[in-house]
Amino acid sequence: MSLPDTIRTNFTEAGIQLDGILDEPAWKEATRISNFTQRELNEGELATERTEVAVVYTQKALYIGAWCYDREPDKIIAKELRRDFNHSVDDNFEVIIDTYLDKRNGFLFIVNPNGARKDAQVLNNGGSFNVNWNGVWNVKTSITAEGWFAEFEIPFSTLKFRSGLEQQVWGINFERNIRRKREQILWQGWSRDSELEFVNRAGALKGLSNIEDKAFVEVKPYGIAGMQLNRRDANKGVLNAGGDVNYLVTPTLRLNLTVNTDFAQVEADRAQINLTRFPVFFPERREFFLEGEDYFDMGLGDRIIGFYSRRIGLNQNREPVSIIAGARMLGKINNSTVGAMSLQTAEQGSGENHSPTTNYTVLSWRQDVLKQSSVGIMSTNKYAQGRHHSTTGGYARYSTSSLFGDKNLMAGGAYARNYNSDGTPADASAHRFFVSYPNDRIQFDAAWNRSATNFNPEVGFLSRDNFQEFYTELEFRPRPTKNFLRWIRQFSFKPLDMNWFIYDDTKQMQSFFYEIRPLGFETRGGESFEFNIQRRGEGVREPFEIGRGIFIQPGDYWQTRYEIQASTFSSREFSVGTAVNWGRFYDGKITESAFGLNWRASRYLNANLNYEHNWVSLPEGSFHARLVNSQIAYALSPNVFGSLFGQWNDEDREAILNYRLHIIPRIGTDFFFIVNQLYDTSGLGWKLTQTLIIGKLIWRFVL
């Protein structure tokens, strides 16, 4: 019999038909666990709906069965069907597996009643996630008058684990969400100061013995064919091929080789309104880089990013640059996490758009220390035209989830420095020191970041340069008792939220931000509201253009702003969110507004519309900055889905339409059909300037 924090798995030689109907003898003989406890809405109370879980395994795969009983199955909320669905709005069942038993990292698998799948890698005990990891696994579900049921099949080749052990013990935990009740139940770690992703609080999976450990080679060639139609230039065909080879050097260490890497299936960047003098950050969207991004974090936070993968394969105008070939090795050796990547890009373009052939090499090593902490070093390197640039540094992170018994605390620091073969300027360094107390009722954060005057990570990103930042934030989040304001789930009061930036060279103000939240709350029904008062400052040293022909002159500017944000429960068929911010803007005024509407029509069709409008009035002139985007997502099954996305902004005066169809003929193999259209809206009407039509097939072979 399983203990309250242990689940035992049984080996079965009989086949399991993956259909979501748990009627095989293996499931009837398996030991089930059912001791689930509420984390929300009523912490510590028993689950209101019965939930049972069992685990069995064969020589090649782990199988997890979930019995999600429901006395009102007609009220189950499940409006998503596509791969990597938005799991926060549907009923779902989640599994996290810590195969290393290092109580830091895990593989997360999620399914909703429709059989929609989502997965992710969890790192640093929930401190970070790689949501773009796509493992090779499958799940089927069924809905009956008793509730809904799920049957997972996870090949051992997808789960990296320590080799050479006769008996494996893994960390494992389960979570179920019942959206109409806003009820969240967990098997272990159900405290509100914990989460499923806190793998140190997971239970134990025992009974695994003599798991198959063999060499694994995965080959994924691709082929692309299409046409680019241009209004002004000649039309041209698109034909390309390449691929990846993945080899498991050990069950925990993977080598990836890539040739003629292509990203034709990647969605377009979302446009952003920028009313500052600082650069805009565009997140990585290419799966090749997203899969391993967690290995290459220098620990400097999001202001100073030591490695920014968009520097590779994209020029300064965000246009593709061909990647000739590359190699990457990622994985874990005992208590060390290692990452190494080297890519060579082709020479391309001319004049200002010339990109020389360049080698990018990144090396990373992280060592687990104590129970949840780590130290590491990392180096990013760029070689082009006989010149070498490097950004190299180290970091340390202390983490505990047992402060005062069960509270969370993190603290750490990082340091990095540039090196240039043609001469490194003085003071080309950056650092970060931080402390964080992220708990349910009290949250506190503080940090000191510095990017010295001459620090320039050429394979990184700086949200601003030549700065020091002093940051602190304190938030109180009390929960009223059931007998007092029963409709409120949790309040949010923020007496302190400050970001103070100074120029590193002169120590004068660069920017200042202080926010007070007199009132914020979330209802038990899922609605939210907050009112904020802000005090802002800007120390402008050089004129910059804020709008067409309108410039902000040097000087110190102080501004008081007010903000209201509100949203309805996102799991409903219709949900809305809005935000309005108004007040002083330099020596004028501004009103910023944003509005979002979501329509969850059915499991086959979802749509959203987002609109931003900024009214700016300055002594030098007035202008509007507008952005609108919309997406219609559809799915015929968990393996056939797509979307139509469109966006327009009056800064670029162009509109983009992107149609995308994704078919998964079998797990691990993908077909994409993409149509991109670009419209010029600077004159009267819309003029189609470019159409790109592409089909891409990625096939998977296992040797």
# chains A, B, ... in the order shown; residues from 1 in each chain; ligands from 1
$ residues_around --residues "region 545-556 of chain A" --least-positions-apart "6" --cutoff "7 Å" --atoms "only C-alpha atoms" --output "list of chain:residue names"
A:Leu275, A:Glu538, A:Gly539, A:Glu620, A:Gly621, A:Phe623
$ residues_around --residues "Ala54 (chain A)" --least-positions-apart "2" --cutoff "9 Å" --atoms "only C-alpha atoms" --output "PyMOL selection string"
chain A and resi 7-9+27+30-33+52+56+63-67
$ residues_around --residues "Leu661 (chain A)" --least-positions-apart "5" --cutoff "8 Å" --atoms "only C-alpha atoms" --output "list in words"
Val640, Phe641, Gly642, Ser643, Phe672, Phe673 and Ile674 of chain A
$ write_last_selection --atoms "C-alpha atoms" --output "PDB file, in the first residue's frame"
ATOM      1  CA  VAL A 640      -4.650  19.756 -36.232  1.00  0.00           C
ATOM      2  CA  PHE A 641      -4.882  23.435 -35.354  1.00  0.00           C
ATOM      3  CA  GLY A 642      -3.979  26.889 -36.601  1.00  0.00           C
ATOM      4  CA  SER A 643      -4.596  30.612 -36.347  1.00  0.00           C
ATOM      5  CA  PHE A 672       3.250  23.754 -41.260  1.00  0.00           C
ATOM      6  CA  PHE A 673       1.453  25.784 -43.892  1.00  0.00           C
ATOM      7  CA  ILE A 674       2.148  29.510 -43.542  1.00  0.00           C
TER       8      ILE A 674
END
$ closest_atom_pairs --of "region 193-296 of chain A" --to "region 124-136 of chain A" --cutoff "6 Å" --atoms "only C-alpha atoms" --output "tab-separated table"
residue	atom	partner	partner_atom	distance
A:Glu197	CA	A:Gly126	CA	4.8
A:Phe198	CA	A:Asn125	CA	4.9
A:Val199	CA	A:Asn125	CA	5.7
A:Leu290	CA	A:Asn132	CA	5.8
A:Glu291	CA	A:Trp133	CA	5.0
$ residues_around --residues "Arg328 (chain A)" --least-positions-apart "3" --cutoff "9 Å" --atoms "only C-alpha atoms" --output "list in words"
Arg254, Leu255, Asn256, Leu257, Thr258, Gly339, Ala340, Met341, Ser342 and Leu343 of chain A
$ atom_distance --atom1 "CA of Asn606 (chain A)" --atom2 "CA of Phe152 (chain A)"
25.8 Å
$ closest_atom_pairs --of "region 229-322 of chain A" --to "region 493-516 of chain A" --cutoff "12 Å" --atoms "only C-alpha atoms" --output "JSON lines"
{"residue": "A:Thr276", "atom": "CA", "partner": "A:Ser511", "partner_atom": "CA", "distance": 10.8}
{"residue": "A:Arg277", "atom": "CA", "partner": "A:Ser511", "partner_atom": "CA", "distance": 10.9}
{"residue": "A:Phe278", "atom": "CA", "partner": "A:Ser511", "partner_atom": "CA", "distance": 11.1}
{"residue": "A:Arg303", "atom": "CA", "partner": "A:Phe501", "partner_atom": "CA", "distance": 11.5}
$ residues_around --residues "Thr568 (chain A)" --least-positions-apart "2" --cutoff "6 Å" --atoms "only C-alpha atoms" --output "CSV table (one decimal) with N, CA and C atoms, in the first residue's frame"
chain,number,residue,atom,x,y,z
A,527,GLU,N,-12.8,37.9,-10.8
A,527,GLU,CA,-12.6,39.3,-11.3
A,527,GLU,C,-11.4,39.9,-10.5
A,575,SER,N,-14.7,37.3,-21.9
A,575,SER,CA,-13.9,38.0,-20.8
A,575,SER,C,-13.3,39.2,-21.4
A,576,VAL,N,-13.1,40.2,-20.5
A,576,VAL,CA,-12.5,41.5,-20.9
A,576,VAL,C,-11.5,41.9,-19.9
$ residues_around --residues "Ala150 (chain A)" --least-positions-apart "4" --cutoff "9 Å" --atoms "only C-alpha atoms" --output "PyMOL selection string"
chain A and resi 19-22+64-68+93+111-113+115+139-142
$ write_last_selection --atoms "C-alpha atoms" --output "short mmCIF file (atom, residue, chain, number, x, y, z; two decimals), in the first residue's frame"
data_model
loop_
_atom_site.label_atom_id
_atom_site.label_comp_id
_atom_site.auth_asym_id
_atom_site.auth_seq_id
_atom_site.Cartn_x
_atom_site.Cartn_y
_atom_site.Cartn_z
CA ASP A 19 -7.69 5.84 -25.47
CA GLY A 20 -8.52 7.58 -22.19
CA ILE A 21 -10.59 4.59 -21.06
CA LEU A 22 -8.79 3.09 -18.09
CA ILE A 64 -0.16 7.69 -15.68
CA GLY A 65 -3.89 7.26 -15.22
CA ALA A 66 -6.05 10.03 -13.75
CA TRP A 67 -9.66 9.55 -12.62
CA CYS A 68 -11.15 13.06 -12.37
CA PHE A 93 -4.81 17.71 -14.71
CA VAL A 111 -3.94 17.85 -20.20
CA ASN A 112 -7.49 19.18 -20.28
CA PRO A 113 -10.70 17.12 -20.70
CA GLY A 115 -7.11 15.92 -24.69
CA VAL A 139 -2.27 11.52 -23.74
CA LYS A 140 -5.87 10.58 -24.42
CA THR A 141 -9.00 11.55 -22.48
CA SER A 142 -12.64 10.58 -22.18
#
$ closest_residue --among "A:Ala234, A:Met227, A:Leu123, A:Ala446" --to "Tyr100 (chain A)" --atoms "only C-alpha atoms"
A:Leu123
$ closest_residue --among "A:Ser602, A:Ser567, A:Arg536, A:Pro518" --to "Arg584 (chain A)" --atoms "only C-alpha atoms"
A:Arg536
$ closest_residue --among "A:Ser630, A:Asn639, A:Arg192, A:Leu62" --to "Pro438 (chain A)" --atoms "only C-alpha atoms"
A:Arg192
$ atom_distance --atom1 "CA of Asn230 (chain A)" --atom2 "CA of Trp648 (chain A)"
19.7 Å
$ decode --residues "region 627-664 of chain A" --atoms "N, CA, C and O atoms" --output "PDB file, in the first residue's frame"
ATOM      1  N   LEU A 627      -2.250  50.864 -31.561  1.00  0.00           N
ATOM      2  CA  LEU A 627      -1.860  49.508 -31.928  1.00  0.00           C
ATOM      3  C   LEU A 627      -3.078  48.612 -31.772  1.00  0.00           C
ATOM      4  O   LEU A 627      -3.771  48.650 -30.756  1.00  0.00           O
ATOM      5  N   VAL A 628      -3.346  47.804 -32.793  1.00  0.00           N
ATOM      6  CA  VAL A 628      -4.454  46.861 -32.720  1.00  0.00           C
ATOM      7  C   VAL A 628      -3.963  45.515 -33.237  1.00  0.00           C
ATOM      8  O   VAL A 628      -3.213  45.438 -34.214  1.00  0.00           O
ATOM      9  N   ASN A 629      -4.324  44.451 -32.544  1.00  0.00           N
ATOM     10  CA  ASN A 629      -4.039  43.111 -33.049  1.00  0.00           C
ATOM     11  C   ASN A 629      -5.164  42.176 -32.659  1.00  0.00           C
ATOM     12  O   ASN A 629      -5.885  42.400 -31.679  1.00  0.00           O
ATOM     13  N   SER A 630      -5.302  41.145 -33.446  1.00  0.00           N
ATOM     14  CA  SER A 630      -6.384  40.192 -33.223  1.00  0.00           C
ATOM     15  C   SER A 630      -5.941  38.820 -33.697  1.00  0.00           C
ATOM     16  O   SER A 630      -5.155  38.698 -34.644  1.00  0.00           O
ATOM     17  N   GLN A 631      -6.423  37.798 -33.009  1.00  0.00           N
ATOM     18  CA  GLN A 631      -6.101  36.426 -33.410  1.00  0.00           C
ATOM     19  C   GLN A 631      -7.354  35.565 -33.334  1.00  0.00           C
ATOM     20  O   GLN A 631      -8.111  35.615 -32.365  1.00  0.00           O
ATOM     21  N   ILE A 632      -7.568  34.792 -34.377  1.00  0.00           N
ATOM     22  CA  ILE A 632      -8.614  33.776 -34.404  1.00  0.00           C
ATOM     23  C   ILE A 632      -7.912  32.429 -34.421  1.00  0.00           C
ATOM     24  O   ILE A 632      -7.179  32.112 -35.365  1.00  0.00           O
ATOM     25  N   ALA A 633      -8.080  31.661 -33.366  1.00  0.00           N
ATOM     26  CA  ALA A 633      -7.437  30.350 -33.249  1.00  0.00           C
ATOM     27  C   ALA A 633      -8.489  29.265 -33.413  1.00  0.00           C
ATOM     28  O   ALA A 633      -9.577  29.353 -32.845  1.00  0.00           O
ATOM     29  N   TYR A 634      -8.148  28.241 -34.186  1.00  0.00           N
ATOM     30  CA  TYR A 634      -9.087  27.149 -34.403  1.00  0.00           C
ATOM     31  C   TYR A 634      -8.351  25.826 -34.225  1.00  0.00           C
ATOM     32  O   TYR A 634      -7.116  25.745 -34.307  1.00  0.00           O
ATOM     33  N   ALA A 635      -9.091  24.788 -33.953  1.00  0.00           N
ATOM     34  CA  ALA A 635      -8.521  23.453 -33.813  1.00  0.00           C
ATOM     35  C   ALA A 635      -9.552  22.428 -34.232  1.00  0.00           C
ATOM     36  O   ALA A 635     -10.722  22.506 -33.837  1.00  0.00           O
ATOM     37  N   LEU A 636      -9.142  21.467 -35.042  1.00  0.00           N
ATOM     38  CA  LEU A 636     -10.013  20.365 -35.427  1.00  0.00           C
ATOM     39  C   LEU A 636      -9.801  19.165 -34.517  1.00  0.00           C
ATOM     40  O   LEU A 636     -10.693  18.344 -34.337  1.00  0.00           O
ATOM     41  N   SER A 637      -8.583  19.078 -33.948  1.00  0.00           N
ATOM     42  CA  SER A 637      -8.228  18.022 -33.005  1.00  0.00           C
ATOM     43  C   SER A 637      -6.968  18.490 -32.286  1.00  0.00           C
ATOM     44  O   SER A 637      -6.379  19.519 -32.657  1.00  0.00           O
ATOM     45  N   PRO A 638      -6.504  17.752 -31.259  1.00  0.00           N
ATOM     46  CA  PRO A 638      -5.257  18.167 -30.615  1.00  0.00           C
ATOM     47  C   PRO A 638      -4.050  18.151 -31.544  1.00  0.00           C
ATOM     48  O   PRO A 638      -3.017  18.740 -31.215  1.00  0.00           O
ATOM     49  N   ASN A 639      -4.183  17.517 -32.723  1.00  0.00           N
ATOM     50  CA  ASN A 639      -3.061  17.424 -33.652  1.00  0.00           C
ATOM     51  C   ASN A 639      -3.281  18.184 -34.956  1.00  0.00           C
ATOM     52  O   ASN A 639      -2.452  18.102 -35.864  1.00  0.00           O
ATOM     53  N   VAL A 640      -4.384  18.923 -35.055  1.00  0.00           N
ATOM     54  CA  VAL A 640      -4.650  19.756 -36.232  1.00  0.00           C
ATOM     55  C   VAL A 640      -5.213  21.083 -35.739  1.00  0.00           C
ATOM     56  O   VAL A 640      -6.349  21.134 -35.256  1.00  0.00           O
ATOM     57  N   PHE A 641      -4.437  22.146 -35.873  1.00  0.00           N
ATOM     58  CA  PHE A 641      -4.882  23.435 -35.354  1.00  0.00           C
ATOM     59  C   PHE A 641      -4.126  24.548 -36.082  1.00  0.00           C
ATOM     60  O   PHE A 641      -3.137  24.312 -36.788  1.00  0.00           O
ATOM     61  N   GLY A 642      -4.610  25.765 -35.915  1.00  0.00           N
ATOM     62  CA  GLY A 642      -3.979  26.889 -36.601  1.00  0.00           C
ATOM     63  C   GLY A 642      -4.538  28.204 -36.094  1.00  0.00           C
ATOM     64  O   GLY A 642      -5.316  28.264 -35.137  1.00  0.00           O
ATOM     65  N   SER A 643      -4.155  29.290 -36.779  1.00  0.00           N
ATOM     66  CA  SER A 643      -4.596  30.612 -36.347  1.00  0.00           C
ATOM     67  C   SER A 643      -4.470  31.603 -37.490  1.00  0.00           C
ATOM     68  O   SER A 643      -3.704  31.406 -38.442  1.00  0.00           O
ATOM     69  N   LEU A 644      -5.235  32.673 -37.367  1.00  0.00           N
ATOM     70  CA  LEU A 644      -5.120  33.836 -38.246  1.00  0.00           C
ATOM     71  C   LEU A 644      -4.835  35.025 -37.350  1.00  0.00           C
ATOM     72  O   LEU A 644      -5.640  35.363 -36.475  1.00  0.00           O
ATOM     73  N   PHE A 645      -3.682  35.638 -37.542  1.00  0.00           N
ATOM     74  CA  PHE A 645      -3.256  36.747 -36.698  1.00  0.00           C
ATOM     75  C   PHE A 645      -3.033  37.986 -37.555  1.00  0.00           C
ATOM     76  O   PHE A 645      -2.441  37.924 -38.636  1.00  0.00           O
ATOM     77  N   GLY A 646      -3.531  39.121 -37.065  1.00  0.00           N
ATOM     78  CA  GLY A 646      -3.320  40.379 -37.759  1.00  0.00           C
ATOM     79  C   GLY A 646      -2.968  41.479 -36.788  1.00  0.00           C
ATOM     80  O   GLY A 646      -3.416  41.485 -35.632  1.00  0.00           O
ATOM     81  N   GLN A 647      -2.151  42.437 -37.228  1.00  0.00           N
ATOM     82  CA  GLN A 647      -1.800  43.568 -36.373  1.00  0.00           C
ATOM     83  C   GLN A 647      -1.515  44.797 -37.230  1.00  0.00           C
ATOM     84  O   GLN A 647      -1.112  44.697 -38.390  1.00  0.00           O
ATOM     85  N   TRP A 648      -1.736  45.967 -36.613  1.00  0.00           N
ATOM     86  CA  TRP A 648      -1.479  47.242 -37.287  1.00  0.00           C
ATOM     87  C   TRP A 648      -1.097  48.274 -36.237  1.00  0.00           C
ATOM     88  O   TRP A 648      -1.620  48.264 -35.105  1.00  0.00           O
ATOM     89  N   ASN A 649      -0.140  49.141 -36.585  1.00  0.00           N
ATOM     90  CA  ASN A 649       0.170  50.282 -35.726  1.00  0.00           C
ATOM     91  C   ASN A 649       0.478  51.488 -36.593  1.00  0.00           C
ATOM     92  O   ASN A 649       0.966  51.363 -37.724  1.00  0.00           O
ATOM     93  N   ASP A 650       0.166  52.671 -36.053  1.00  0.00           N
ATOM     94  CA  ASP A 650       0.323  53.871 -36.872  1.00  0.00           C
ATOM     95  C   ASP A 650       1.733  54.443 -36.822  1.00  0.00           C
ATOM     96  O   ASP A 650       1.999  55.460 -37.476  1.00  0.00           O
ATOM     97  N   GLU A 651       2.647  53.796 -36.098  1.00  0.00           N
ATOM     98  CA  GLU A 651       4.040  54.229 -36.129  1.00  0.00           C
ATOM     99  C   GLU A 651       4.711  53.695 -37.390  1.00  0.00           C
ATOM    100  O   GLU A 651       5.340  54.444 -38.142  1.00  0.00           O
ATOM    101  N   ASP A 652       4.596  52.395 -37.643  1.00  0.00           N
ATOM    102  CA  ASP A 652       5.183  51.807 -38.854  1.00  0.00           C
ATOM    103  C   ASP A 652       4.295  52.007 -40.076  1.00  0.00           C
ATOM    104  O   ASP A 652       4.758  51.866 -41.208  1.00  0.00           O
ATOM    105  N   ARG A 653       3.003  52.278 -39.834  1.00  0.00           N
ATOM    106  CA  ARG A 653       2.036  52.462 -40.918  1.00  0.00           C
ATOM    107  C   ARG A 653       2.020  51.265 -41.863  1.00  0.00           C
ATOM    108  O   ARG A 653       2.055  51.386 -43.084  1.00  0.00           O
ATOM    109  N   GLU A 654       2.002  50.091 -41.248  1.00  0.00           N
ATOM    110  CA  GLU A 654       1.888  48.871 -42.029  1.00  0.00           C
ATOM    111  C   GLU A 654       1.091  47.852 -41.226  1.00  0.00           C
ATOM    112  O   GLU A 654       1.031  47.918 -39.997  1.00  0.00           O
ATOM    113  N   ALA A 655       0.471  46.949 -41.936  1.00  0.00           N
ATOM    114  CA  ALA A 655      -0.319  45.889 -41.321  1.00  0.00           C
ATOM    115  C   ALA A 655       0.262  44.545 -41.731  1.00  0.00           C
ATOM    116  O   ALA A 655       0.777  44.382 -42.846  1.00  0.00           O
ATOM    117  N   ILE A 656       0.183  43.583 -40.828  1.00  0.00           N
ATOM    118  CA  ILE A 656       0.687  42.234 -41.072  1.00  0.00           C
ATOM    119  C   ILE A 656      -0.441  41.244 -40.829  1.00  0.00           C
ATOM    120  O   ILE A 656      -1.156  41.323 -39.823  1.00  0.00           O
ATOM    121  N   LEU A 657      -0.622  40.326 -41.766  1.00  0.00           N
ATOM    122  CA  LEU A 657      -1.549  39.217 -41.604  1.00  0.00           C
ATOM    123  C   LEU A 657      -0.753  37.918 -41.662  1.00  0.00           C
ATOM    124  O   LEU A 657       0.094  37.742 -42.554  1.00  0.00           O
ATOM    125  N   ASN A 658      -1.008  37.035 -40.717  1.00  0.00           N
ATOM    126  CA  ASN A 658      -0.284  35.770 -40.659  1.00  0.00           C
ATOM    127  C   ASN A 658      -1.288  34.639 -40.491  1.00  0.00           C
ATOM    128  O   ASN A 658      -2.032  34.601 -39.514  1.00  0.00           O
ATOM    129  N   TYR A 659      -1.305  33.728 -41.473  1.00  0.00           N
ATOM    130  CA  TYR A 659      -2.141  32.528 -41.379  1.00  0.00           C
ATOM    131  C   TYR A 659      -1.230  31.339 -41.135  1.00  0.00           C
ATOM    132  O   TYR A 659      -0.193  31.183 -41.794  1.00  0.00           O
ATOM    133  N   ARG A 660      -1.617  30.480 -40.201  1.00  0.00           N
ATOM    134  CA  ARG A 660      -0.750  29.377 -39.802  1.00  0.00           C
ATOM    135  C   ARG A 660      -1.584  28.128 -39.562  1.00  0.00           C
ATOM    136  O   ARG A 660      -2.567  28.157 -38.817  1.00  0.00           O
ATOM    137  N   LEU A 661      -1.191  27.035 -40.201  1.00  0.00           N
ATOM    138  CA  LEU A 661      -1.811  25.728 -39.996  1.00  0.00           C
ATOM    139  C   LEU A 661      -0.733  24.763 -39.528  1.00  0.00           C
ATOM    140  O   LEU A 661       0.346  24.681 -40.134  1.00  0.00           O
ATOM    141  N   HIS A 662      -1.004  24.046 -38.441  1.00  0.00           N
ATOM    142  CA  HIS A 662      -0.040  23.101 -37.874  1.00  0.00           C
ATOM    143  C   HIS A 662      -0.712  21.738 -37.788  1.00  0.00           C
ATOM    144  O   HIS A 662      -1.743  21.584 -37.129  1.00  0.00           O
ATOM    145  N   ILE A 663      -0.115  20.754 -38.464  1.00  0.00           N
ATOM    146  CA  ILE A 663      -0.622  19.382 -38.451  1.00  0.00           C
ATOM    147  C   ILE A 663       0.465  18.484 -37.867  1.00  0.00           C
ATOM    148  O   ILE A 663       1.634  18.577 -38.240  1.00  0.00           O
ATOM    149  N   ILE A 664       0.069  17.629 -36.924  1.00  0.00           N
ATOM    150  CA  ILE A 664       0.996  16.664 -36.324  1.00  0.00           C
ATOM    151  C   ILE A 664       0.567  15.279 -36.786  1.00  0.00           C
ATOM    152  O   ILE A 664      -0.316  14.646 -36.170  1.00  0.00           O
TER     153      ILE A 664
END
